[in-house]
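**Q** Provided herewith: entry-v4.cif, mmCIF, C-alpha atoms and all ligand atoms.
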data_structure
#
loop_
_atom_site.label_atom_id
_atom_site.label_comp_id
_atom_site.auth_asym_id
_atom_site.auth_seq_id
_atom_site.Cartn_x
_atom_site.Cartn_y
_atom_site.Cartn_z
CA MET U 428 51.24 143.83 66.39
CA SER U 429 54.28 143.10 68.54
CA LEU U 430 56.12 139.80 68.26
CA ASP U 431 56.22 139.61 72.07
CA GLY U 432 59.96 139.08 72.48
CA ALA U 433 60.70 137.59 69.07
CA GLU U 434 62.61 139.45 66.34
CA LEU U 435 62.20 138.87 62.63
CA THR U 436 64.83 140.18 60.22
CA TRP U 437 64.45 140.05 56.44
CA LEU U 438 67.71 139.30 54.63
CA GLY U 439 66.12 139.88 51.21
CA HIS U 440 64.26 137.54 48.84
CA ALA U 441 62.96 134.59 50.93
CA SER U 442 65.68 134.67 53.61
CA PHE U 443 64.63 135.55 57.14
CA VAL U 444 66.19 135.25 60.58
CA LEU U 445 63.69 134.71 63.39
CA LYS U 446 65.18 135.19 66.85
CA THR U 447 62.94 133.51 69.38
CA PRO U 448 62.10 134.81 72.87
CA GLY U 449 64.40 132.04 74.17
CA ASP U 450 67.29 133.42 72.05
CA LYS U 451 67.30 130.71 69.41
CA TYR U 452 68.03 131.73 65.84
CA ILE U 453 65.82 130.16 63.19
CA VAL U 454 67.01 130.92 59.65
CA PHE U 455 64.59 130.43 56.76
CA ASP U 456 65.83 129.79 53.22
CA PRO U 457 69.34 131.20 53.59
CA TRP U 458 70.65 132.79 50.40
CA LEU U 459 73.12 135.45 51.43
CA GLU U 460 76.18 136.18 49.27
CA GLY U 461 74.92 136.15 45.68
CA ASN U 462 71.43 137.28 46.71
CA PRO U 463 71.05 140.69 45.01
CA LYS U 464 68.75 141.87 47.83
CA CYS U 465 70.84 140.68 50.78
CA PRO U 466 72.64 143.57 52.48
CA LYS U 467 76.42 143.02 52.45
CA GLU U 468 76.67 143.05 56.22
CA PHE U 469 74.70 139.79 56.29
CA PHE U 470 76.89 137.93 53.78
CA ASN U 471 78.88 136.39 56.62
CA TRP U 472 75.91 135.83 58.94
CA ASP U 473 76.92 133.13 61.42
CA LYS U 474 74.06 132.73 63.88
CA ALA U 475 71.73 129.78 63.47
CA ASP U 476 70.31 127.15 65.78
CA TYR U 477 67.94 125.78 63.14
CA ILE U 478 68.04 126.21 59.37
CA LEU U 479 64.81 125.65 57.45
CA VAL U 480 64.86 125.06 53.70
CA THR U 481 61.51 125.10 51.91
CA HIS U 482 62.72 123.64 48.60
CA GLY U 483 65.77 122.87 46.52
CA HIS U 484 66.05 125.97 44.33
CA PHE U 485 69.32 127.87 44.64
CA ASP U 486 67.62 131.06 45.76
CA HIS U 487 66.35 129.22 48.87
CA MET U 488 69.25 127.03 49.88
CA GLY U 489 72.23 128.73 48.23
CA SER U 490 73.84 129.43 51.62
CA ALA U 491 72.34 126.54 53.61
CA ALA U 492 75.33 124.19 53.55
CA LEU U 493 77.83 126.94 54.39
CA LEU U 494 75.71 128.29 57.26
CA ALA U 495 75.16 124.77 58.60
CA LYS U 496 78.88 124.05 58.55
CA LYS U 497 79.69 127.39 60.24
CA THR U 498 77.12 126.99 63.00
CA GLY U 499 76.59 123.24 63.42
CA ALA U 500 72.85 123.93 63.18
CA PRO U 501 70.67 121.19 61.74
CA VAL U 502 69.05 121.76 58.36
CA ILE U 503 65.36 120.91 58.45
CA SER U 504 63.93 120.19 55.03
CA ASN U 505 62.29 117.49 52.99
CA PHE U 506 63.91 114.06 52.95
CA GLU U 507 65.49 114.50 49.52
CA ILE U 508 67.11 117.86 50.28
CA ALA U 509 68.32 116.64 53.69
CA THR U 510 69.91 113.62 52.02
CA TYR U 511 71.49 115.80 49.34
CA LEU U 512 72.92 118.24 51.89
CA GLU U 513 74.52 115.35 53.77
CA THR U 514 76.41 114.51 50.59
CA GLN U 515 77.59 118.14 50.64
CA GLY U 516 79.15 117.71 54.07
CA VAL U 517 76.31 119.01 56.25
CA GLY U 518 76.60 117.11 59.53
CA LYS U 519 73.13 117.45 60.97
CA THR U 520 69.90 117.28 59.02
CA VAL U 521 66.29 116.56 59.79
CA GLY U 522 64.57 115.12 56.75
CA MET U 523 60.81 115.24 57.06
CA ASN U 524 57.69 115.67 55.00
CA LYS U 525 54.42 117.54 54.89
CA GLY U 526 52.20 117.21 57.94
CA GLY U 527 55.16 116.35 60.12
CA THR U 528 56.13 118.46 63.11
CA VAL U 529 59.53 118.55 64.79
CA GLU U 530 59.83 119.97 68.29
CA PHE U 531 62.89 121.58 69.84
CA GLY U 532 62.00 122.42 73.43
CA ASP U 533 58.96 124.68 73.21
CA ILE U 534 59.49 125.46 69.52
CA LYS U 535 57.45 123.54 66.97
CA MET U 536 58.11 123.40 63.23
CA THR U 537 55.55 121.89 60.89
CA MET U 538 56.13 121.28 57.21
CA VAL U 539 53.12 122.27 55.11
CA TYR U 540 52.05 122.16 51.50
CA ALA U 541 53.37 124.46 48.78
CA ASP U 542 52.43 124.49 45.12
CA HIS U 543 55.84 124.74 43.46
CA SER U 544 58.79 122.60 42.30
CA SER U 545 62.04 121.70 44.04
CA GLY U 546 64.80 120.57 41.66
CA ILE U 547 68.39 121.00 42.83
CA THR U 548 70.83 122.44 40.30
CA THR U 549 74.22 120.71 40.46
CA ASN U 550 77.33 120.63 38.28
CA SER U 551 76.11 117.33 36.88
CA GLY U 552 72.59 118.51 36.08
CA LEU U 553 69.28 118.81 37.86
CA LEU U 554 68.63 116.51 40.82
CA TYR U 555 65.21 115.50 42.13
CA GLY U 556 64.64 117.60 45.24
CA GLY U 557 61.40 116.15 46.51
CA GLU U 558 58.41 118.49 46.73
CA ALA U 559 58.42 122.13 47.71
CA SER U 560 57.03 123.02 51.13
CA GLY U 561 56.27 125.80 53.54
CA PHE U 562 56.89 125.92 57.29
CA VAL U 563 54.67 126.87 60.20
CA VAL U 564 56.79 127.69 63.25
CA THR U 565 55.34 128.19 66.71
CA LEU U 566 57.64 129.83 69.24
CA GLU U 567 58.00 129.58 73.02
CA ASN U 568 55.60 132.54 73.43
CA GLY U 569 52.93 130.97 71.21
CA LEU U 570 53.65 133.27 68.27
CA CYS U 571 52.97 131.41 65.03
CA VAL U 572 54.86 132.35 61.86
CA TYR U 573 54.08 130.84 58.45
CA HIS U 574 56.82 131.00 55.82
CA ALA U 575 55.10 129.98 52.60
CA GLY U 576 58.28 129.29 50.63
CA ASP U 577 57.66 129.64 46.93
CA THR U 578 54.06 128.85 46.09
CA ASN U 579 50.97 129.69 44.19
CA VAL U 580 47.85 130.29 46.26
CA PHE U 581 46.04 127.03 47.10
CA GLY U 582 42.67 126.36 48.70
CA ASP U 583 44.19 124.30 51.50
CA MET U 584 45.66 127.47 52.97
CA VAL U 585 42.35 127.30 54.83
CA LEU U 586 43.66 124.15 56.52
CA ILE U 587 46.80 126.03 57.58
CA LYS U 588 44.58 128.72 59.07
CA ASN U 589 42.31 126.27 60.84
CA LEU U 590 45.08 124.04 62.16
CA TYR U 591 47.75 126.55 63.19
CA ARG U 592 46.24 130.07 63.20
CA PRO U 593 49.38 131.84 61.95
CA ASP U 594 49.86 135.33 63.39
CA VAL U 595 52.39 136.34 60.77
CA ALA U 596 52.43 135.15 57.16
CA LEU U 597 55.51 135.58 54.95
CA LEU U 598 54.18 135.38 51.40
CA PRO U 599 55.88 135.58 48.01
CA ILE U 600 54.38 138.26 45.76
CA GLY U 601 56.83 138.68 42.88
CA GLY U 602 54.91 136.57 40.35
CA HIS U 603 56.44 134.54 37.50
CA PHE U 604 57.73 131.73 39.78
CA THR U 605 55.18 132.28 42.57
CA MET U 606 52.05 134.19 43.47
CA SER U 607 51.74 137.76 42.32
CA PRO U 608 49.90 140.33 44.49
CA LYS U 609 46.53 139.21 43.09
CA GLU U 610 46.99 135.62 44.31
CA ALA U 611 48.76 136.73 47.49
CA ALA U 612 45.82 138.96 48.43
CA TYR U 613 43.52 135.97 48.00
CA ALA U 614 45.91 133.92 50.15
CA VAL U 615 45.63 136.53 52.89
CA GLY U 616 41.86 136.07 52.76
CA LEU U 617 42.29 132.31 53.25
CA LEU U 618 44.94 132.53 55.96
CA GLU U 619 43.59 135.54 57.89
CA PRO U 620 46.91 136.30 59.58
CA LYS U 621 47.25 139.35 61.81
CA VAL U 622 50.23 140.51 59.76
CA VAL U 623 51.41 139.73 56.24
CA ILE U 624 54.97 140.45 55.17
CA PRO U 625 55.66 140.24 51.43
CA MET U 626 58.83 138.60 50.11
CA HIS U 627 60.31 137.19 46.88
CA TYR U 628 59.81 140.32 44.76
CA GLY U 629 62.13 142.69 42.95
CA THR U 630 65.13 140.35 43.18
CA PHE U 631 65.12 139.54 39.47
CA ASP U 632 63.55 141.50 36.62
CA ALA U 633 60.84 138.84 36.25
CA LEU U 634 59.62 139.35 39.84
CA THR U 635 57.50 142.41 39.14
CA GLY U 636 54.86 142.08 41.88
CA SER U 637 55.08 145.00 44.29
CA PRO U 638 54.04 145.66 47.88
CA ASP U 639 52.11 148.72 46.64
CA ALA U 640 49.94 146.50 44.46
CA LEU U 641 49.31 144.19 47.42
CA LYS U 642 48.49 147.20 49.58
CA ASP U 643 45.75 148.31 47.19
CA LEU U 644 44.28 144.81 47.10
CA LEU U 645 44.26 144.57 50.91
CA ALA U 646 42.66 147.98 51.44
CA ASP U 647 39.58 146.39 53.05
CA SER U 648 41.39 143.55 54.82
CA PRO U 649 41.79 143.40 58.61
CA THR U 650 45.28 141.92 58.04
CA VAL U 651 48.04 144.47 58.49
CA LEU U 652 50.50 144.67 55.60
CA THR U 653 54.02 145.22 56.92
CA VAL U 654 56.64 145.95 54.28
CA LEU U 655 60.24 145.46 55.39
CA GLU U 656 63.42 146.67 53.76
CA PRO U 657 66.17 144.07 53.40
CA GLY U 658 68.08 144.10 56.67
CA GLU U 659 65.16 145.59 58.58
CA GLN U 660 64.03 144.00 61.80
CA TYR U 661 60.43 143.62 62.94
CA CYS U 662 59.76 142.90 66.59
NI NI X 701 61.58 128.23 43.85
MN MN X 702 62.39 131.22 44.66
#
As structure tokens, what does this structure read like?
Ligand code: NI
Ligand code: MN
**A**
Amino acid sequence: MSLDGAELTWLGHASFVLKTPGDKYIVFDPWLEGNPKCPKEFFNWDKADYILVTHGHFDHMGSAALLAKKTGAPVISNFEIATYLETQGVGKTVGMNKGGTVEFGDIKMTMVYADHSSGITTNSGLLYGGEASGFVVTLENGLCVYHAGDTNVFGDMVLIKNLYRPDVALLPIGGHFTMSPKEAAYAVGLLEPKVVIPMHYGTFDALTGSPDALKDLLADSPTVLTVLEPGEQYC
């Protein structure tokens, strides 16, 4: 499947850059320097029009404040994380919650459910970070991308399918903190995307789920499994 003018680049772990057909850069869960899977050439990445943060864990927003300050892009996240990032000097935020959609021109971003936690680690301890989320993003060309964030599989993925019909699903498969391939394969059955791209595996020793295991489980699925290398672009 072609992304019809869009370009999706995996920066390792849960970080992705989605360049839209209208040349906007949407960055999901930026964690660049310090991310063991982020290629060095992306450590100083400085292109973003919108920064989406699914939850407060460091491996999803470790580079969000820096990237926001560099680019002036708004950070779109839950209310608690948006408020926290403002205290960290981020100028523009959009705090929202699940079921809400923000529109920027012909681009729509909807916050959806995730089954996970969202505490923010700070020097003075753990802060409440609201609830974890995923994002469904629909581009100018109608392409619909679902970034699941960190999550277990949940039955209401059927609602995400029915409401938004995601073409591309970015799903965590590493296990331990999220779905492993077993749950992710079930999620693919609920979501029925055209393409699934695995993420959030291999970064730490605990994240043992592998794309090969997912491949075996999806042998009879019409969904195409596309495995990217960190730094690789899909278009
Ligand atoms: Ni997490
Ligand atoms: Mn994570």
**Q** Output the neighbourhood of ligand MN 702 (chain X) as a PDB file with C-alpha atoms, in the frame of the given file, that is, all protein and nucleic acid residues with some atom at most 10 Å from the ligand, counting only C-alpha atoms and all ligand atoms.
**A**
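Dumped to out30.pdb:
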ATOM      1  CA  HIS U 440      64.260 137.540  48.840  1.00  0.00           C
ATOM      2  CA  ALA U 441      62.960 134.590  50.930  1.00  0.00           C
ATOM      3  CA  ASP U 456      65.830 129.790  53.220  1.00  0.00           C
ATOM      4  CA  THR U 481      61.510 125.100  51.910  1.00  0.00           C
ATOM      5  CA  HIS U 482      62.720 123.640  48.600  1.00  0.00           C
ATOM      6  CA  GLY U 483      65.770 122.870  46.520  1.00  0.00           C
ATOM      7  CA  HIS U 484      66.050 125.970  44.330  1.00  0.00           C
ATOM      8  CA  PHE U 485      69.320 127.870  44.640  1.00  0.00           C
ATOM      9  CA  ASP U 486      67.620 131.060  45.760  1.00  0.00           C
ATOM     10  CA  HIS U 487      66.350 129.220  48.870  1.00  0.00           C
ATOM     11  CA  MET U 488      69.250 127.030  49.880  1.00  0.00           C
ATOM     12  CA  HIS U 543      55.840 124.740  43.460  1.00  0.00           C
ATOM     13  CA  SER U 544      58.790 122.600  42.300  1.00  0.00           C
ATOM     14  CA  SER U 545      62.040 121.700  44.040  1.00  0.00           C
ATOM     15  CA  GLY U 576      58.280 129.290  50.630  1.00  0.00           C
ATOM     16  CA  ASP U 577      57.660 129.640  46.930  1.00  0.00           C
ATOM     17  CA  THR U 578      54.060 128.850  46.090  1.00  0.00           C
ATOM     18  CA  PRO U 599      55.880 135.580  48.010  1.00  0.00           C
ATOM     19  CA  GLY U 601      56.830 138.680  42.880  1.00  0.00           C
ATOM     20  CA  HIS U 603      56.440 134.540  37.500  1.00  0.00           C
ATOM     21  CA  PHE U 604      57.730 131.730  39.780  1.00  0.00           C
ATOM     22  CA  THR U 605      55.180 132.280  42.570  1.00  0.00           C
ATOM     23  CA  MET U 626      58.830 138.600  50.110  1.00  0.00           C
ATOM     24  CA  HIS U 627      60.310 137.190  46.880  1.00  0.00           C
ATOM     25  CA  TYR U 628      59.810 140.320  44.760  1.00  0.00           C
ATOM     26  CA  THR U 630      65.130 140.350  43.180  1.00  0.00           C
ATOM     27  CA  LEU U 634      59.620 139.350  39.840  1.00  0.00           C
TER      28      LEU U 634
END
**Q** Which residues, written as a PyMOL selection string, have at least one atom at most 12 Å from Ser429 of chain U, with only C-alpha atoms counted and residues fewer than 3 positions away on the same chain left out?
**A** chain U and resi 432-435+568+570+594-595+621-622+651+653+660-662
**Q** Point out the residue among U:Ala596, U:Ala614, U:Val563, U:Ala541 with the least atom-to-atom distance to ligand NI 701 (chain X), counting all atoms listed in the file.
**A**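 Checking each of U:Ala596, U:Ala614, U:Val563, U:Ala541 against ligand NI 701 (chain X), counting all atoms listed in the file, the winner is U:Ala541.
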**Q** Which polymer residues have any atom within 7 Å of an atom of Ala612 of chain U, counting only C-alpha atoms, with same-chain residues fewer than 2 positions away left out, as a list of chain:residue names?
**A**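 Contacts, with the query itself left out: U:Pro608, U:Lys609, U:Glu610, U:Ala614, U:Val615, U:Gly616, U:Leu641, U:Leu644, U:Leu645.
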**Q** Please determine, counting all atoms listed in the file, which residue among U:Leu652, U:Ala559, U:Leu598, U:Met538 has the shortest atom-to-atom distance to ligand NI 701 (chain X).
**A**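 Closest candidate: U:Ala559.
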**Q** Please indicate the distance in Å from atom CA of Asp643 of chain U to atom NI of ligand NI 701 (chain X), rounded to one decimal place.
**A**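 Distance between the two atoms: 25.8 Å.
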**Q** Can you measure atom CA of Gly532 of chain U to atom CA of Arg592 of chain U for me? One decimal in Å is fine.
**A**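 Taking atom CA of Gly532 of chain U and atom CA of Arg592 of chain U, their separation equals 20.3 Å.
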**Q** Which residue gives the smallest distance to Val454 of chain U among U:Tyr591, U:Glu468, U:Val521, U:Val564, with only C-alpha atoms counted?
**A**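 Looking only at the distances to Val454 of chain U, the closest residue turns out to be U:Val564.
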**Q** Which is closer to Lys519 of chain U than all the others in U:Asp583, U:Asp450, U:Glu656, U:Asp476, using all atoms listed in the file?
**A**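 Closest residue, counting all atoms listed in the file: U:Asp476.
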**Q** To one decimal in Å, tell me the separation between atom CA of Lys588 of chain U and atom CA of Leu438 of chain U.
**A**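 Taking atom CA of Lys588 of chain U and atom CA of Leu438 of chain U, their separation equals 25.8 Å.
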**Q** Can you pull out the residues contacting Val529 of chain U? Cut-off 12 Å, using all atoms listed in the file, and skip same-chain residues under 6 positions away; I want them as a ChimeraX atom specification.
**A** /U:477,479,501-504,520-523,535-538,562-565
**Q** Give the answer as one residue: which of U:Asp533, U:Asp473, U:Ala509, U:Gln515 has the shortest atom-to-atom distance to Lys497 of chain U, using all atoms listed in the file?
**A**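 Among the listed residues, the smallest separation from Lys497 of chain U belongs to U:Asp473.
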**Q** Env of Tyr511 of chain U: 10 Å cut, atoms = all atoms listed in the file, seq-sep filter 6 positions within chain, self excluded. Answer as an NGL selection string.
**A** :U and (483 or 517 or 520 or 547 or 554-556)
**Q** Quick one: write out the picked residues with C-alpha atoms as an mmCIF file, keeping the file's coordinate frame?
**A**
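Listing of result.cif after writing:
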data_model
loop_
_atom_site.group_PDB
_atom_site.id
_atom_site.type_symbol
_atom_site.label_atom_id
_atom_site.label_comp_id
_atom_site.auth_asym_id
_atom_site.auth_seq_id
_atom_site.Cartn_x
_atom_site.Cartn_y
_atom_site.Cartn_z
ATOM 1 C CA GLY U 483 65.770 122.870 46.520
ATOM 2 C CA VAL U 517 76.310 119.010 56.250
ATOM 3 C CA THR U 520 69.900 117.280 59.020
ATOM 4 C CA ILE U 547 68.390 121.000 42.830
ATOM 5 C CA LEU U 554 68.630 116.510 40.820
ATOM 6 C CA TYR U 555 65.210 115.500 42.130
ATOM 7 C CA GLY U 556 64.640 117.600 45.240
#
**Q** Calculated over all atoms listed in the file, which of the candidates U:Thr549, U:Ser560, U:Ser637, U:Ser607 has the smallest distance to Asn579 of chain U?
**A**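 Closest to Asn579 of chain U, using all atoms listed in the file: U:Ser607.
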**Q** Show me, as a CSV table (one decimal) with C-alpha atoms, in the frame of the given file, the residues that have an atom within 10 Å of Trp472 of chain U when counting all atoms listed in the file, minus same-chain residues fewer than 4 positions from it.
**A**
chain,number,residue,atom,x,y,z
U,438,LEU,CA,67.7,139.3,54.6
U,444,VAL,CA,66.2,135.2,60.6
U,457,PRO,CA,69.3,131.2,53.6
U,459,LEU,CA,73.1,135.4,51.4
U,460,GLU,CA,76.2,136.2,49.3
U,467,LYS,CA,76.4,143.0,52.4
U,468,GLU,CA,76.7,143.0,56.2
U,490,SER,CA,73.8,129.4,51.6
U,494,LEU,CA,75.7,128.3,57.3
U,497,LYS,CA,79.7,127.4,60.2
U,498,THR,CA,77.1,127.0,63.0
**Q** Edge lengths and centre in Å to one decimal, as AutoDock Vina command-line options, of the axis-aligned box that encloses all listed atoms of segment 638-647 of chain U with 5 Å added on every side?
**A**
--center_x 46.8 --center_y 146.5 --center_z 48.8 --size_x 24.5 --size_y 14.5 --size_z 18.6
